[in-house]
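**Q** Handing you a structure now.
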Amino acid sequence: MNAQDWLKRWLFTTNHKDVGLLYFFTSCYFGIIGAVLALLMRVQLSVPNNNFLSAFYYDQAVTMHGLIMIFWFLSPIALGLGNYFIPLQIGAKDLAFPRLNAMSYWLYLAGGVLAVLSFLVPGGSASAGWTTYQPLAVLSQGTGPTLAYLGMVLLAASVTLGSVNFMTSIIWLRAPGLTLSKLPMFTWFMLFTIIAMLFAFPTLIAAFALESADRIVGTTFFTSTGIQPSILWDNLFWFFGHPEVYIVLLPGFGIIANVLPQFTGRPLAAKNAILVATGLVVIPLSFGVWMHHMFLTGIPVALQGAFSVATIAISIPFDVITLSFVESLIRGRVKFATPMLFALGGVVLFIIGGITGVFLSSPVLDRVFRGSYFVVSHFHYVMVGAAIFGIIAGIYYWLPKMTGKMYNEKLGQLHFVISFIGFNVLYFPMNLLYDMPRRIFTYPNVGDWAVLNGLASVGAFVFAFAQILLAYNVIHTWYRGPTAPTNPWGSPDLEWTSHAEGMSPASQSSTSVPSGGWIGQLATAADTHASPAAAGPDAHHAHLSSRPLELSLGAMVFLAGAAFWPAFTGLGLMVVGGLVVVYSFWGWAKDDLHDKFVVPPEEEGDRWPFSAVPKLKLGMWVFLSSEVVLFGSFLGAYIFIRAAAPSWPLAGSVHDIPLGTVNTLILVTSGLTMFLAIQAIRSGDQRRMLTWLAATFVLGSVFMGIKVSEWTNLGGSGFILGSPTMSLAASAYYVIVGLHGAHVTAGLLMMVYLMKKTTGGAYTKESHEAIENFGLYWAFVDIVWCFVFPLFYLL
């Protein structure tokens with residue numbers, strides 16, 4: 001493979017293995033940035049009254065360390081392993097939507113680039129803490145924080161799209177006979193993680209979108225004094241934030257559950273109990289404890305008690321999981337290979353972190369510990385210790401599969417010993433610093449603060465050095481490691497057994513490992529999805545697409561311009577980015593119209609409980625469920641603002657109720673015409689379907705035209721967009737109605753595409769899934785407006 005083809009492959013790939021590797025190495029890059037920031041912080045805190053970093057730079061280091069490590073390292077490195085191995089574990093050729101998978105990666109990278117670039121602009125990066133509490137964060141000066149927060153929006157959008165893809169894949173692409181009960185534990189835990197992501201990250205999008213609107217166009221969500229903006233932010237952020245703990249933790253636990261049986265010689269104890277317990281954590285409990293982060297905000301005592309009980313309750317499922325792990329160890333014959341050592345280390349560190357977390361469930365003790373380094377210790381034992389030790393166990397466990405080579409076992413064991421010692425030397429002393437405030441950049445020589453901080457700083461460098469051993473072991477394995485056995489651990493899972501046991505060719509093409517592992521793939525393009533020799537002369541081209549990269553690049557440039565708005569540079573970047581986005585969407589549609597991108601057909605397998613639901617429709621339902629949370633977050637914020645605002649414009653004083661009513665009827669009527677279009681194609685009448693689809697387009701266009709005219713005529717009562725006197729009512733109207741308008745506009749563009757394909761005879765009585773899926777989307781748009789209209793016009 002020449003250099004041009006190599007570059008084209010890695011820029012335009014949609015193959016799940018390639019995307020997984022891109023996620024993996026990119027997250028490691030961001031992890032290095034986050035680690036350097038952490039080491040700078042530990043140098044500053046190593047001795048009292050230190051001036052190595054000023055408060056200005058220390059605050060930026062703390063803030064961006066937290067954001068980068070949580071959002072661009074811990075979760076994405078798990079997604080990298082998930083991208084690579086979930087299709088192998090379920091016997092699929094790829095994920096359900098390959099281009100969506102690639103776009104999820106490029107949006108993730110684009111968001112990270114914006115976050116890192118924020119250090120390079122005058123005034124520096126975000127410095128209000130990784131929780132970006134309001135109004136502190138929104139009032140921080142400079143373009144850098146805006147870039148970082150817009151990067152968070154891109155990151156959250158990436159995660160939402162990836163969640164749709166993973167959930168659809170695990171449900172719909174399982175191999176024949178692979179029932180849900182037979183799924184490997186890593187895939188099960190990733191499914192639970194994806195469910196949490198799907199419903200948590202839309203709230204994060206809403207939170208940072210509102211904050212970015214305040215910073216860019218002058219809305220007043222978090223700068224108004226009469227509505228307690230800090231409480232609004234806390235509710236939005238922590239409704240996302242507490243599930244995020246489990247989003248980070250569960251992939252590592254899934255790897256531990258996958259690893260234990262291979263190194264104990266017996267099945268995982270109480271597997272079904274583990275799955276039930278994890279399901280309880282993800283679905284009802286993780287989203288029901290967010291206010292325990294708000295005990296010090298003045299919430300009523302009754303609420304404090306309720307959320308204290310809920311917090312204690314969430315520890316019970318983890319007790320079940322931990323005891324099941326321990327029982328597996330007691331009844332098995334443990335082999336202390338490197339993956340097992342890190343799995344054991346993850347369990348031990350989680351127990352320590354879990355015990356310290358129980359203290360924080362008490363409102364009384366929380367008041368004592370909340371602002372201290374005790375919380376920092378608890379947080380890192382769970383989020384870093386248990387999570388990253390589990391991930392490292394997975395790296396060693398699957399490295400022979402990815403490379404075809406065997407790692408150095410003695411070096412791996414040394415890596416574990418130094419990591420475990422370094423981690424505990426770093427974080428355990430912080431449990432004893434329960435009387436030291438955690439939001440200070442230096443401290444006086446009081447008590448044992450100096451000794452404990454100095455010890456923690458030594459531990460930080462020891463732990464960082466240990467990861468150099470990991471990097472060396474991995475790189476050495478790729479280039480000089482001995483050839484690995486086909487199944488070195490004797491695992492029964494599909495990623496290890498499918499090639500050896502002769503599954504169907506469809507599954508073998510995805511799971512076989514060419515000589516030299518993925519390094520060999522770089523040179524020879526040997527896998528089926530990329531190899532012209534393996535899959536025909538057009539296969540390599542057919543499974544590549546530049547559109548995900550183009551779209552993500554355009555979005556990044558546009559948002560970078562928005563951060564510099566209203567400067568001329570910002571306007572220019574927004575124009576360029578917008579044109580790139582339009583071009584990429586046009587190219588995406590053109591590729592589809594000419595069948596330039598081909599998704600390999602999948603063998604029909606076990607799809608219970610959605611056997612009767614087509615793949616695209618299932619994906620649409622999953623996507624719309626995340627959209628419900630997105631609009632619910634915005635509308636929930638609006639209801640909070642309305643309830644807290646001291647005054648609000650009377651109904652009819654700003655918005656024209658009769659005009660709004662007529663416009664609502666127009667949009668609802670478009671839902672009827674869309675239904676008629678679906679009925680027409682179900683009966684095989686293409687011409688009548690095209691007529692009703694065109695009628696839907698006309699009605700939707702009229703709706704948007706009236707909406708735009710309303711916007712242009714709003715000039716009084718603080719409804720001037722971007723005005724320094726913009727009211728809360730105007731802020732909510734422009735953002736929420738604008739979001740709905742963006743969805744309507746996207747629907748109109750999709751209708752143009754559908755009408756173009758219809759004129760080419762693409763849809764028939766037997767094949768019209770795209771029309772039905774669009775009907776679901778358009779119905780959702782109509783339903784959302786039925787909530788928006790009365791809230792803004794009638795109440």
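Going through the structure tokens in order, the chains are called A, B, and so on, while each chain numbers its residues from 1 and the ligands are numbered from 1 in the order shown.
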Within 10 Å of segment 369-381 of chain A, counting only C-alpha atoms, which residues show up once you throw out same-chain ones fewer than 3 positions away? Write them as an mmCIF file with C-alpha atoms, in the first residue's frame, please.

**A**
data_model
loop_
_atom_site.group_PDB
_atom_site.id
_atom_site.type_symbol
_atom_site.label_atom_id
_atom_site.label_comp_id
_atom_site.auth_asym_id
_atom_site.auth_seq_id
_atom_site.Cartn_x
_atom_site.Cartn_y
_atom_site.Cartn_z
ATOM 1 C CA VAL A 245 -19.701 7.866 36.748
ATOM 2 C CA HIS A 293 -24.364 16.451 44.493
ATOM 3 C CA PHE A 295 -26.753 18.845 49.367
ATOM 4 C CA LEU A 296 -24.984 22.170 49.961
ATOM 5 C CA GLY A 346 -9.595 -2.823 39.699
ATOM 6 C CA VAL A 348 -9.745 -3.789 45.136
ATOM 7 C CA LEU A 349 -9.589 -0.113 44.184
ATOM 8 C CA PHE A 350 -13.330 -0.031 43.565
ATOM 9 C CA ILE A 351 -13.996 -1.450 47.035
ATOM 10 C CA ILE A 352 -11.879 1.311 48.587
ATOM 11 C CA GLY A 353 -13.608 3.974 46.487
ATOM 12 C CA GLY A 354 -17.033 2.533 47.218
ATOM 13 C CA ILE A 355 -16.474 2.552 50.979
ATOM 14 C CA THR A 356 -15.447 6.213 50.941
ATOM 15 C CA GLY A 357 -18.475 6.980 48.764
ATOM 16 C CA VAL A 358 -20.865 5.680 51.407
ATOM 17 C CA PHE A 359 -19.746 8.495 53.716
ATOM 18 C CA LEU A 360 -20.740 11.063 51.092
ATOM 19 C CA PRO A 363 -25.933 15.051 54.013
ATOM 20 C CA VAL A 364 -24.183 15.713 57.326
ATOM 21 C CA LEU A 365 -20.885 14.072 56.387
ATOM 22 C CA ASP A 366 -21.159 15.466 52.865
ATOM 23 C CA VAL A 384 -9.665 6.124 37.564
ATOM 24 C CA GLY A 385 -8.731 3.158 39.722
ATOM 25 C CA ALA A 386 -11.530 0.725 38.971
ATOM 26 C CA ALA A 387 -12.181 2.022 35.451
ATOM 27 C CA ILE A 388 -8.659 2.351 34.075
ATOM 28 C CA PHE A 423 -1.900 4.811 42.451
ATOM 29 C CA ASN A 424 -2.374 4.164 46.165
ATOM 30 C CA LEU A 426 -1.030 9.103 45.017
ATOM 31 C CA TYR A 427 -4.640 8.925 46.180
ATOM 32 C CA PHE A 428 -4.823 7.243 49.571
ATOM 33 C CA PRO A 429 -3.159 10.167 51.410
ATOM 34 C CA MET A 430 -5.962 12.366 50.103
ATOM 35 C CA ASN A 431 -8.382 10.457 52.342
ATOM 36 C CA LEU A 432 -6.419 11.879 55.254
ATOM 37 C CA LEU A 433 -6.591 15.404 53.806
ATOM 38 C CA TYR A 434 -10.281 15.673 54.681
ATOM 39 C CA ASP A 435 -9.569 19.018 56.336
ATOM 40 C CA MET A 436 -7.775 20.552 53.318
ATOM 41 C CA PRO A 437 -9.868 22.539 50.800
ATOM 42 C CA ARG A 438 -9.574 21.110 47.301
ATOM 43 C CA ARG A 439 -10.169 24.327 45.367
#

**Q** May I ask which of the residues A:Asn235, A:Asn258, A:Ser545, A:Asn49 is the closest one to Trp188 of chain A, counting only C-alpha atoms?

**A**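 Selected residue with least distance to Trp188 of chain A: A:Asn258.
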
**Q** Counting only C-alpha atoms, which of A:Gln44, A:Asn408, A:Ser27, A:Thr264 gets nearest to Gly454 of chain A?

**A**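 Ranked by minimum distance to Gly454 of chain A, first place goes to A:Gln44.
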
**Q** For segment 150-165 of chain A, list every protein, DNA or RNA residue within 6 Å, evaluated using only C-alpha atoms, and leave out those in the same chain fewer than 5 positions away; present the list as a PDB file with N, CA, C and O atoms, in the first residue's frame.

**A**
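The file below, around-v9.pdb, is the result:
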ATOM      1  N   SER A 104     -18.944   9.677  14.270  1.00  0.00           N
ATOM      2  CA  SER A 104     -18.866   9.778  15.722  1.00  0.00           C
ATOM      3  C   SER A 104     -17.422   9.986  16.157  1.00  0.00           C
ATOM      4  O   SER A 104     -17.128  10.826  17.016  1.00  0.00           O
ATOM      5  N   LEU A 107     -16.204  13.607  15.034  1.00  0.00           N
ATOM      6  CA  LEU A 107     -16.782  14.642  15.896  1.00  0.00           C
ATOM      7  C   LEU A 107     -16.098  14.654  17.255  1.00  0.00           C
ATOM      8  O   LEU A 107     -15.863  15.718  17.843  1.00  0.00           O
ATOM      9  N   TYR A 108     -15.799  13.467  17.761  1.00  0.00           N
ATOM     10  CA  TYR A 108     -15.061  13.361  19.027  1.00  0.00           C
ATOM     11  C   TYR A 108     -13.705  14.049  18.914  1.00  0.00           C
ATOM     12  O   TYR A 108     -13.314  14.849  19.790  1.00  0.00           O
ATOM     13  N   GLY A 111     -14.109  17.903  18.602  1.00  0.00           N
ATOM     14  CA  GLY A 111     -14.365  18.512  19.899  1.00  0.00           C
ATOM     15  C   GLY A 111     -13.107  18.606  20.737  1.00  0.00           C
ATOM     16  O   GLY A 111     -12.852  19.624  21.404  1.00  0.00           O
ATOM     17  N   LEU A 114     -10.882  21.477  19.510  1.00  0.00           N
ATOM     18  CA  LEU A 114     -11.348  22.768  20.019  1.00  0.00           C
ATOM     19  C   LEU A 114     -10.936  22.959  21.478  1.00  0.00           C
ATOM     20  O   LEU A 114     -10.499  24.049  21.874  1.00  0.00           O
ATOM     21  N   ALA A 115     -11.076  21.901  22.271  1.00  0.00           N
ATOM     22  CA  ALA A 115     -10.724  22.017  23.690  1.00  0.00           C
ATOM     23  C   ALA A 115      -9.243  22.308  23.878  1.00  0.00           C
ATOM     24  O   ALA A 115      -8.855  23.160  24.688  1.00  0.00           O
ATOM     25  N   ILE A 194     -23.993   2.095  26.968  1.00  0.00           N
ATOM     26  CA  ILE A 194     -24.582   2.829  25.840  1.00  0.00           C
ATOM     27  C   ILE A 194     -25.970   3.348  26.210  1.00  0.00           C
ATOM     28  O   ILE A 194     -26.354   4.471  25.842  1.00  0.00           O
ATOM     29  N   LEU A 198     -26.963   7.184  26.066  1.00  0.00           N
ATOM     30  CA  LEU A 198     -28.049   7.638  25.199  1.00  0.00           C
ATOM     31  C   LEU A 198     -28.962   8.622  25.906  1.00  0.00           C
ATOM     32  O   LEU A 198     -29.439   9.593  25.298  1.00  0.00           O
ATOM     33  N   PHE A 201     -26.216  12.005  27.822  1.00  0.00           N
ATOM     34  CA  PHE A 201     -25.487  13.027  27.080  1.00  0.00           C
ATOM     35  C   PHE A 201     -26.371  14.084  26.424  1.00  0.00           C
ATOM     36  O   PHE A 201     -25.918  15.224  26.261  1.00  0.00           O
ATOM     37  N   ILE A 205     -25.593  18.123  26.298  1.00  0.00           N
ATOM     38  CA  ILE A 205     -25.694  18.996  25.125  1.00  0.00           C
ATOM     39  C   ILE A 205     -26.519  20.223  25.468  1.00  0.00           C
ATOM     40  O   ILE A 205     -26.142  21.366  25.156  1.00  0.00           O
ATOM     41  N   VAL A 622     -34.241   4.476  18.334  1.00  0.00           N
ATOM     42  CA  VAL A 622     -33.220   4.745  19.337  1.00  0.00           C
ATOM     43  C   VAL A 622     -32.805   6.211  19.290  1.00  0.00           C
ATOM     44  O   VAL A 622     -32.674   6.879  20.324  1.00  0.00           O
ATOM     45  N   PHE A 623     -32.613   6.742  18.080  1.00  0.00           N
ATOM     46  CA  PHE A 623     -32.240   8.150  17.928  1.00  0.00           C
ATOM     47  C   PHE A 623     -33.313   9.069  18.496  1.00  0.00           C
ATOM     48  O   PHE A 623     -33.022  10.027  19.220  1.00  0.00           O
TER      49      PHE A 623
END

**Q** Report as a list in words all protein, DNA and RNA residues lying within 10 Å of Lys707 of chain A, evaluated on only C-alpha atoms, omitting residues in the same chain fewer than 6 positions from it.

**A**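 Listing them by chain and then by number gives Leu659, Gly660, Asn663, Ser701, Val737, Gly738 and Gly741 of chain A.
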
**Q** Generate a file of the selected residues that holds N, CA and C atoms, formatted as a PDB file, in the first residue's frame.

**A**
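Produced file out-v7.pdb, reproduced below:
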ATOM      1  N   LEU A 659     -51.876  33.844  14.891  1.00  0.00           N
ATOM      2  CA  LEU A 659     -50.906  33.414  13.885  1.00  0.00           C
ATOM      3  C   LEU A 659     -50.210  32.128  14.317  1.00  0.00           C
ATOM      4  N   GLY A 660     -49.851  32.044  15.602  1.00  0.00           N
ATOM      5  CA  GLY A 660     -49.224  30.829  16.093  1.00  0.00           C
ATOM      6  C   GLY A 660     -50.146  29.626  15.999  1.00  0.00           C
ATOM      7  N   ASN A 663     -50.260  28.555  12.395  1.00  0.00           N
ATOM      8  CA  ASN A 663     -49.010  27.881  12.047  1.00  0.00           C
ATOM      9  C   ASN A 663     -48.945  26.481  12.642  1.00  0.00           C
ATOM     10  N   SER A 701     -42.511  24.098   4.715  1.00  0.00           N
ATOM     11  CA  SER A 701     -41.862  25.338   4.287  1.00  0.00           C
ATOM     12  C   SER A 701     -42.683  26.553   4.698  1.00  0.00           C
ATOM     13  N   VAL A 737     -37.233  27.469  20.374  1.00  0.00           N
ATOM     14  CA  VAL A 737     -37.934  27.507  19.084  1.00  0.00           C
ATOM     15  C   VAL A 737     -36.934  27.388  17.944  1.00  0.00           C
ATOM     16  N   GLY A 738     -35.740  27.973  18.142  1.00  0.00           N
ATOM     17  CA  GLY A 738     -34.706  27.824  17.121  1.00  0.00           C
ATOM     18  C   GLY A 738     -34.263  26.383  16.967  1.00  0.00           C
ATOM     19  N   GLY A 741     -36.899  24.694  15.053  1.00  0.00           N
ATOM     20  CA  GLY A 741     -36.815  25.129  13.662  1.00  0.00           C
ATOM     21  C   GLY A 741     -35.684  24.443  12.919  1.00  0.00           C
TER      22      GLY A 741
END

**Q** Identify which of the residues A:Ala651, A:Leu344, A:Met103, A:Leu667 lies closest to Ala555 of chain A, counting only C-alpha atoms when measuring atom-to-atom distances.

**A**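 Smallest separation from Ala555 of chain A among the options: A:Met103.
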